[in-house]
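query_2.csv (CSV, C-alpha atoms)
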chain,number,residue,atom,x,y,z
A,21,MET,CA,25.2,-72.5,-90.4
A,22,PRO,CA,21.6,-71.4,-90.0
A,23,LYS,CA,20.5,-68.4,-88.1
A,24,VAL,CA,17.6,-68.6,-85.5
A,25,SER,CA,15.6,-65.4,-84.9
A,26,ILE,CA,13.9,-65.4,-81.5
A,27,ILE,CA,11.1,-62.9,-81.4
A,28,ILE,CA,9.9,-61.8,-78.0
A,29,PRO,CA,7.1,-59.2,-77.4
A,30,CYS,CA,7.7,-57.3,-74.1
A,31,TYR,CA,5.1,-55.4,-72.1
A,32,PHE,CA,5.7,-54.4,-68.5
A,33,ASN,CA,8.4,-57.0,-68.2
A,34,GLU,CA,11.3,-55.1,-66.5
A,35,GLY,CA,11.6,-57.8,-63.8
A,36,ASN,CA,11.5,-60.7,-66.3
A,37,ILE,CA,14.0,-59.4,-68.9
A,38,PRO,CA,17.2,-60.1,-67.0
A,39,VAL,CA,16.1,-63.6,-66.0
A,40,THR,CA,14.6,-64.5,-69.3
A,41,THR,CA,17.6,-63.3,-71.4
A,42,ALA,CA,20.1,-65.1,-69.2
A,43,GLU,CA,18.2,-68.3,-69.6
A,44,LEU,CA,18.0,-67.8,-73.4
A,45,ILE,CA,21.7,-67.2,-73.7
A,46,GLN,CA,22.4,-70.3,-71.6
A,47,ASN,CA,20.0,-72.3,-73.8
A,48,GLU,CA,22.2,-71.6,-76.8
A,49,GLN,CA,24.5,-74.3,-75.5
A,50,LEU,CA,21.9,-77.0,-76.3
A,51,PHE,CA,22.0,-76.3,-80.0
A,52,PRO,CA,24.5,-77.7,-82.4
A,53,ALA,CA,27.8,-75.8,-82.6
A,54,GLY,CA,27.9,-72.9,-85.1
A,55,VAL,CA,24.2,-72.0,-85.0
A,56,GLU,CA,23.8,-68.2,-85.1
A,57,PHE,CA,21.2,-66.5,-82.9
A,58,GLU,CA,19.4,-63.2,-83.3
A,59,TYR,CA,17.1,-61.8,-80.6
A,60,ILE,CA,14.3,-59.5,-81.7
A,61,MET,CA,13.1,-57.8,-78.5
A,62,VAL,CA,9.9,-55.7,-79.1
A,63,ASP,CA,8.9,-53.2,-76.5
A,64,ASP,CA,5.2,-52.9,-76.9
A,65,GLY,CA,4.8,-49.4,-75.4
A,66,SER,CA,5.7,-50.4,-71.8
A,67,LYS,CA,5.6,-47.6,-69.2
A,68,ASP,CA,8.0,-49.2,-66.8
A,69,LYS,CA,11.7,-49.8,-67.2
A,70,THR,CA,11.3,-52.7,-69.7
A,71,LEU,CA,13.1,-50.7,-72.4
A,72,ASP,CA,16.1,-49.9,-70.1
A,73,GLU,CA,16.5,-53.6,-69.4
A,74,LEU,CA,16.3,-54.4,-73.1
A,75,VAL,CA,19.0,-51.8,-73.9
A,76,LYS,CA,21.2,-53.5,-71.2
A,77,PHE,CA,20.7,-56.8,-73.0
A,78,LYS,CA,21.7,-55.1,-76.3
A,79,ASP,CA,24.8,-53.6,-74.7
A,80,ARG,CA,25.9,-57.1,-73.5
A,81,TYR,CA,25.4,-58.7,-76.8
A,82,PRO,CA,25.5,-56.0,-79.5
A,83,ASP,CA,25.9,-58.3,-82.4
A,84,LYS,CA,22.9,-60.6,-81.8
A,85,VAL,CA,20.2,-58.3,-80.2
A,86,LYS,CA,17.8,-55.9,-81.9
A,87,VAL,CA,15.5,-53.8,-79.7
A,88,ILE,CA,12.4,-52.5,-81.4
A,89,LYS,CA,10.6,-49.7,-79.5
A,90,LEU,CA,7.0,-49.2,-80.6
A,91,ALA,CA,5.4,-45.8,-80.2
A,92,GLY,CA,2.5,-47.2,-78.2
A,93,ASN,CA,0.9,-50.3,-77.0
A,94,VAL,CA,-0.6,-52.2,-79.9
A,95,GLY,CA,-1.0,-55.7,-78.4
A,96,SER,CA,1.2,-58.7,-78.4
A,97,PHE,CA,0.2,-60.0,-81.8
A,98,ASN,CA,1.1,-56.7,-83.5
A,99,ALA,CA,4.3,-56.6,-81.5
A,100,ILE,CA,5.1,-60.1,-82.9
A,101,LEU,CA,4.3,-58.9,-86.4
A,102,ALA,CA,6.7,-56.0,-85.9
A,103,GLY,CA,9.4,-58.5,-84.8
A,104,MET,CA,8.8,-60.5,-87.9
A,105,ASN,CA,9.4,-57.5,-90.0
A,106,TYR,CA,12.9,-57.1,-88.5
A,107,ALA,CA,13.8,-60.8,-88.3
A,108,THR,CA,16.4,-62.1,-90.7
A,109,GLY,CA,16.8,-65.7,-89.5
A,110,ASP,CA,16.4,-68.9,-91.5
A,111,CYS,CA,13.9,-70.0,-88.9
A,112,ASN,CA,12.1,-68.1,-86.2
A,113,VAL,CA,10.9,-68.7,-82.7
A,114,ILE,CA,8.1,-66.8,-80.9
A,115,ILE,CA,8.3,-67.1,-77.1
A,116,THR,CA,7.0,-65.0,-74.2
A,117,ALA,CA,9.1,-62.7,-72.0
A,118,ASP,CA,8.0,-64.2,-68.7
A,119,LEU,CA,9.5,-67.7,-69.0
A,120,GLN,CA,6.1,-69.4,-68.9
A,121,ASP,CA,7.2,-71.3,-72.0
A,122,PRO,CA,10.4,-73.4,-71.5
A,123,PRO,CA,13.3,-72.3,-73.7
A,124,ASP,CA,14.8,-75.8,-73.4
A,125,LEU,CA,12.2,-77.1,-75.9
A,126,MET,CA,13.7,-74.9,-78.6
A,127,PRO,CA,16.5,-77.4,-79.6
A,128,LYS,CA,14.0,-80.1,-80.2
A,129,MET,CA,11.9,-77.8,-82.3
A,130,TYR,CA,15.0,-76.8,-84.2
A,131,ASP,CA,15.8,-80.5,-84.9
A,132,TYR,CA,12.4,-80.9,-86.5
A,133,TRP,CA,13.1,-77.9,-88.7
A,134,LEU,CA,16.4,-79.4,-89.8
A,135,LYS,CA,14.4,-82.4,-90.9
A,136,GLY,CA,12.3,-80.3,-93.2
A,137,ILE,CA,9.3,-79.4,-91.0
A,138,LYS,CA,8.6,-75.8,-91.6
A,139,PHE,CA,6.2,-75.3,-88.7
A,140,VAL,CA,6.7,-76.7,-85.2
A,141,ILE,CA,4.2,-76.1,-82.4
A,142,ALA,CA,4.8,-76.3,-78.7
A,143,ASN,CA,1.4,-77.3,-77.5
A,144,ARG,CA,0.1,-76.5,-74.0
A,145,GLN,CA,-1.4,-79.7,-72.6
A,146,ASP,CA,-1.8,-78.1,-69.2
A,147,ARG,CA,-1.0,-74.9,-67.5
A,148,GLU,CA,0.0,-73.9,-63.9
A,149,GLU,CA,-2.7,-71.2,-63.7
A,150,GLY,CA,-5.9,-70.5,-61.8
A,151,PHE,CA,-9.3,-72.1,-62.4
A,152,PHE,CA,-10.9,-69.2,-64.4
A,153,SER,CA,-7.8,-68.7,-66.6
A,154,LYS,CA,-7.9,-72.4,-67.4
A,155,LEU,CA,-11.6,-72.3,-68.1
A,156,PHE,CA,-11.4,-69.4,-70.5
A,157,ALA,CA,-8.4,-70.8,-72.3
A,158,ASN,CA,-9.8,-74.3,-72.7
A,159,THR,CA,-13.2,-72.9,-73.8
A,160,TYR,CA,-11.6,-70.6,-76.3
A,161,HIS,CA,-9.4,-73.2,-77.9
A,162,ALA,CA,-12.2,-75.8,-78.0
A,163,LEU,CA,-14.4,-73.3,-79.9
A,164,ILE,CA,-11.5,-72.4,-82.2
A,165,ARG,CA,-11.0,-76.1,-83.0
A,166,LYS,CA,-14.7,-76.7,-83.6
A,167,PHE,CA,-15.6,-73.7,-85.7
A,168,VAL,CA,-12.5,-71.8,-86.9
A,169,LEU,CA,-9.2,-73.7,-87.4
A,170,LYS,CA,-9.8,-77.4,-87.1
A,171,ASN,CA,-6.1,-78.3,-87.6
A,172,VAL,CA,-4.9,-76.6,-84.4
A,173,PRO,CA,-4.1,-78.9,-81.5
A,174,SER,CA,-6.2,-78.9,-78.3
A,175,GLY,CA,-5.0,-76.6,-75.6
A,176,GLY,CA,-3.8,-74.0,-78.0
A,177,PHE,CA,-0.3,-72.6,-78.5
A,178,ASP,CA,1.8,-69.4,-78.4
A,179,TYR,CA,5.2,-70.9,-78.6
A,180,VAL,CA,6.2,-71.8,-82.1
A,181,LEU,CA,9.2,-72.3,-84.5
A,182,PHE,CA,8.6,-71.6,-88.2
A,183,ASP,CA,10.6,-71.3,-91.4
A,184,LYS,CA,11.4,-67.9,-92.9
A,185,GLN,CA,9.0,-68.7,-95.8
A,186,LEU,CA,6.1,-68.7,-93.3
A,187,ARG,CA,7.4,-65.5,-91.8
A,188,GLU,CA,7.5,-63.8,-95.2
A,189,GLU,CA,4.0,-64.9,-96.0
A,190,VAL,CA,2.6,-63.5,-92.7
A,191,VAL,CA,4.5,-60.2,-93.1
A,192,LYS,CA,3.1,-59.9,-96.7
A,193,ILE,CA,-0.4,-60.5,-95.5
A,194,ASN,CA,-0.1,-57.8,-92.8
A,195,GLU,CA,-3.6,-58.4,-91.5
A,196,ARG,CA,-5.2,-56.2,-88.9
A,197,ASN,CA,-7.2,-57.4,-85.8
A,198,THR,CA,-6.1,-61.0,-86.0
A,199,ASN,CA,-4.2,-63.6,-84.1
A,200,THR,CA,-0.8,-63.5,-85.7
A,201,ILE,CA,0.3,-66.9,-84.4
A,202,TYR,CA,-2.9,-68.6,-85.5
A,203,LEU,CA,-2.3,-67.0,-88.9
A,204,LEU,CA,0.7,-69.2,-89.2
A,205,ALA,CA,-1.6,-72.2,-88.7
A,206,TRP,CA,-4.0,-70.8,-91.2
A,207,LEU,CA,-1.3,-71.1,-93.9
A,208,ASN,CA,-1.9,-74.9,-93.7
A,209,TYR,CA,1.7,-76.1,-93.7
A,210,ASP,CA,2.3,-79.5,-92.1
A,211,PHE,CA,3.4,-79.2,-88.6
A,212,VAL,CA,4.8,-81.2,-85.7
A,213,ASN,CA,3.2,-80.8,-82.2
A,214,ILE,CA,5.3,-81.0,-79.0
A,215,PRO,CA,3.2,-81.1,-75.8
A,216,TYR,CA,4.4,-79.4,-72.6
A,217,VAL,CA,3.0,-77.9,-69.4
A,218,ARG,CA,3.0,-74.1,-69.3
A,219,ARG,CA,4.7,-72.7,-66.2
A,220,GLN,CA,3.2,-70.4,-63.7
A,221,ARG,CA,4.4,-66.8,-64.0
A,222,LYS,CA,6.8,-66.0,-61.1
A,223,ILE,CA,7.8,-62.4,-61.8
A,224,GLY,CA,5.5,-59.5,-62.3
A,225,LYS,CA,1.8,-59.3,-63.0
A,226,SER,CA,0.2,-60.4,-66.2
A,227,ARG,CA,-1.4,-57.6,-68.3
A,228,TRP,CA,-3.6,-60.1,-70.1
A,229,THR,CA,-6.8,-58.5,-69.0
A,230,VAL,CA,-10.4,-59.7,-69.5
A,231,SER,CA,-11.0,-57.1,-72.2
A,232,LYS,CA,-8.0,-58.2,-74.2
A,233,LYS,CA,-9.1,-61.8,-73.9
A,234,MET,CA,-12.6,-60.9,-75.2
A,235,LYS,CA,-11.0,-59.0,-78.1
A,236,LEU,CA,-8.9,-62.0,-79.0
A,237,PHE,CA,-12.0,-64.2,-78.9
A,238,ILE,CA,-13.9,-61.9,-81.3
A,239,ASP,CA,-10.8,-61.3,-83.5
A,240,SER,CA,-10.2,-65.0,-83.9
A,241,PHE,CA,-13.7,-65.8,-85.0
A,242,VAL,CA,-14.1,-62.8,-87.3
A,243,SER,CA,-10.6,-63.1,-88.9
A,244,PHE,CA,-10.7,-66.8,-89.7
A,245,SER,CA,-14.4,-67.8,-89.9
A,246,PHE,CA,-17.8,-66.8,-91.4
A,247,PHE,CA,-19.4,-69.0,-88.7
A,248,PRO,CA,-21.0,-66.0,-86.8
A,249,ILE,CA,-22.7,-64.8,-90.0
A,250,ARG,CA,-23.8,-68.3,-90.9
A,251,ALA,CA,-25.2,-68.7,-87.4
A,252,ILE,CA,-27.3,-65.5,-87.8
A,253,SER,CA,-28.7,-66.9,-91.0
A,254,VAL,CA,-29.6,-70.3,-89.4
A,255,MET,CA,-31.1,-68.5,-86.4
A,256,GLY,CA,-33.1,-66.2,-88.7
A,257,ILE,CA,-34.5,-69.2,-90.6
A,258,PHE,CA,-35.3,-71.0,-87.3
A,259,LEU,CA,-37.2,-68.0,-86.0
A,260,GLY,CA,-39.0,-67.6,-89.3
A,261,ILE,CA,-40.3,-71.1,-89.1
A,262,ILE,CA,-41.4,-70.6,-85.5
A,263,ALA,CA,-43.2,-67.4,-86.5
A,264,PHE,CA,-44.9,-69.1,-89.4
A,265,MET,CA,-46.1,-72.0,-87.2
A,266,TYR,CA,-47.3,-69.6,-84.5
A,267,GLY,CA,-49.2,-67.6,-87.2
A,268,ILE,CA,-50.9,-70.8,-88.3
A,269,PHE,CA,-51.8,-71.6,-84.7
A,270,VAL,CA,-53.3,-68.1,-84.1
A,271,ILE,CA,-55.4,-68.4,-87.3
A,272,VAL,CA,-56.7,-71.8,-86.4
A,273,ALA,CA,-57.4,-70.8,-82.8
A,274,LYS,CA,-59.2,-67.7,-84.0
A,275,PHE,CA,-61.6,-69.6,-86.2
A,276,THR,CA,-62.1,-72.7,-84.0
A,277,GLY,CA,-62.2,-71.0,-80.7
A,278,MET,CA,-60.2,-73.8,-79.1
A,279,VAL,CA,-57.9,-71.4,-77.2
A,280,GLN,CA,-58.6,-68.0,-75.9
A,281,LEU,CA,-55.6,-65.8,-76.8
A,282,SER,CA,-55.1,-62.7,-74.7
A,283,GLY,CA,-52.0,-61.8,-76.8
A,284,TRP,CA,-50.2,-59.1,-74.9
A,285,SER,CA,-47.8,-61.0,-72.7
A,286,SER,CA,-46.9,-63.7,-75.2
A,287,MET,CA,-46.4,-61.0,-77.9
A,288,MET,CA,-44.2,-59.0,-75.7
A,289,VAL,CA,-42.0,-62.0,-75.0
A,290,VAL,CA,-41.7,-62.8,-78.7
A,291,PHE,CA,-41.0,-59.1,-79.5
A,292,LEU,CA,-38.3,-58.7,-76.9
A,293,PHE,CA,-36.7,-62.0,-78.0
A,294,VAL,CA,-36.6,-61.1,-81.7
A,295,SER,CA,-35.4,-57.6,-80.9
A,296,SER,CA,-32.5,-58.9,-78.8
A,297,PHE,CA,-31.6,-61.3,-81.6
A,298,GLN,CA,-31.6,-58.4,-84.1
A,299,MET,CA,-29.3,-56.3,-81.9
A,300,VAL,CA,-26.9,-59.2,-81.5
A,301,ALA,CA,-27.0,-59.8,-85.3
A,302,LEU,CA,-26.3,-56.2,-86.0
A,303,GLY,CA,-23.4,-56.2,-83.6
A,304,ILE,CA,-21.8,-59.3,-85.3
A,305,LEU,CA,-22.3,-57.7,-88.8
A,306,GLY,CA,-20.9,-54.5,-87.4
A,307,GLU,CA,-17.7,-56.3,-86.4
A,308,TYR,CA,-17.2,-57.5,-89.9
A,309,VAL,CA,-18.0,-54.1,-91.5
A,310,TRP,CA,-15.8,-52.2,-89.0
A,311,ARG,CA,-12.9,-54.6,-89.7
A,312,ALA,CA,-13.3,-54.1,-93.5
A,313,LEU,CA,-13.3,-50.3,-92.9
A,314,ASP,CA,-10.2,-50.6,-90.7
A,315,ALA,CA,-8.4,-52.6,-93.4
A,316,ALA,CA,-9.5,-50.2,-96.1
A,317,ARG,CA,-8.0,-47.2,-94.3
A,318,GLY,CA,-4.6,-48.7,-94.6
A,319,ARG,CA,-3.3,-47.5,-91.3
A,320,PRO,CA,-0.2,-49.4,-90.1
A,321,ASN,CA,-0.5,-52.2,-87.4
A,322,PHE,CA,2.3,-50.6,-85.4
A,323,ILE,CA,4.5,-47.5,-85.4
A,324,VAL,CA,8.2,-48.1,-84.7
A,325,GLU,CA,9.6,-45.2,-82.6
A,326,LYS,CA,13.2,-46.4,-82.8
A,327,VAL,CA,15.4,-49.4,-83.5
A,328,ILE,CA,18.3,-50.0,-81.3
Write out the structure in this file as structure tokens.
Amino acid sequence: MPKVSIIIPCYFNEGNIPVTTAELIQNEQLFPAGVEFEYIMVDDGSKDKTLDELVKFKDRYPDKVKVIKLAGNVGSFNAILAGMNYATGDCNVIITADLQDPPDLMPKMYDYWLKGIKFVIANRQDREEGFFSKLFANTYHALIRKFVLKNVPSGGFDYVLFDKQLREEVVKINERNTNTIYLLAWLNYDFVNIPYVRRQRKIGKSRWTVSKKMKLFIDSFVSFSFFPIRAISVMGIFLGIIAFMYGIFVIVAKFTGMVQLSGWSSMMVVFLFVSSFQMVALGILGEYVWRALDAARGRPNFIVEKVI
């Protein structure tokens, strides 16, 4: 029978682990008899007792649990990549450690995989979260669909099931500063989309900070799209046209005397606008250059301290 590898990145989840693991074990009963399960629990440099709770889970189910302790916090997407490196299942599931994604969707996702669908997405149609969290998420996914990955469903996704072939491709790519889950979508396999409502987090506090959200936003655009550079080019052409037209206007006004041009205030406005555009453009180009340098260094995405 097939083996299902369930990959779970864990960061400051000591309160969630006992509840989540109990529900995952209970959820196995919804699968066909004989399916083998493997849990890849990745501790992403937590400073609480997350690792202790993971070790307890390993002690209860020694034959089906692997605990990967990373040396430091490298972010959930690199933690997921670390889990992929240690997974051995015929198909794989990525799910959060805080039960915001319902495990009982897994059997339905698995059924699609049995039918030959190698990529199954559980798509968030709504979320039990605050206004600003919803606003950021909806804006982010709308921009991703518009400019980056047009094949992803609206609302976005973090909860997926995928074939080992996709896992091997992502591990082989081993890309830095990216969204590992959206890298699965970038592979362009046909997929099935299952809508659901994301639950509210009930235990612990989310460590998904504003700075991490902004990094994800930048990484997603720079990793999958040249749109920012193309936008700079278009804006440069647009400003060039305006500058040329303004130059013609100044020459005509000078020789005809139809307008008295004082110059200083209008020139300062133009100068400051163009200067700010240049700084933004340099920042965007710098993001691409820095990522190329980061990739060229060849440093690992994560350091595994120990495997339990």
Worksheet item: So what do you get for CA of Ile28 in chain A versus CA of Trp133 in chain A, distance-wise?
Response: 19.6 Å
Worksheet item: Which of these residues is nearest to Asn36 in chain A, using only C-alpha atoms: A:Ser240, A:Thr70, A:Gln49, A:Asn158?
Response: A:Thr70
Fill in: Point (-5.2, -60.8, -68.6) neighbourhood (12 Å, only C-alpha atoms) written as an MDAnalysis selection string
chainID A and resid 95:96 149:150 152:154 156:157 225:236
Restricting it to C-alpha atoms, dump the selection as a short mmCIF file (atom, residue, chain, number, x, y, z; two decimals), in the coordinates of the input.
data_model
loop_
_atom_site.label_atom_id
_atom_site.label_comp_id
_atom_site.auth_asym_id
_atom_site.auth_seq_id
_atom_site.Cartn_x
_atom_site.Cartn_y
_atom_site.Cartn_z
CA GLY A 95 -1.00 -55.70 -78.40
CA SER A 96 1.20 -58.70 -78.40
CA GLU A 149 -2.70 -71.20 -63.70
CA GLY A 150 -5.90 -70.50 -61.80
CA PHE A 152 -10.90 -69.20 -64.40
CA SER A 153 -7.80 -68.70 -66.60
CA LYS A 154 -7.90 -72.40 -67.40
CA PHE A 156 -11.40 -69.40 -70.50
CA ALA A 157 -8.40 -70.80 -72.30
CA LYS A 225 1.80 -59.30 -63.00
CA SER A 226 0.20 -60.40 -66.20
CA ARG A 227 -1.40 -57.60 -68.30
CA TRP A 228 -3.60 -60.10 -70.10
CA THR A 229 -6.80 -58.50 -69.00
CA VAL A 230 -10.40 -59.70 -69.50
CA SER A 231 -11.00 -57.10 -72.20
CA LYS A 232 -8.00 -58.20 -74.20
CA LYS A 233 -9.10 -61.80 -73.90
CA MET A 234 -12.60 -60.90 -75.20
CA LYS A 235 -11.00 -59.00 -78.10
CA LEU A 236 -8.90 -62.00 -79.00
#
Worksheet entry | Nearest to Gly65 in chain A, chosen from A:Ile37, A:Ala42, A:Cys30, A:Val217, with only C-alpha atoms counted in the distances | A:Cys30
Fill in: 7 Å contact set for Val85 in chain A, all atoms listed in the file, chain neighbours under 4 positions out, as a list in words
Glu58, Tyr59, Ile60, Lys78 and Tyr81 of chain A
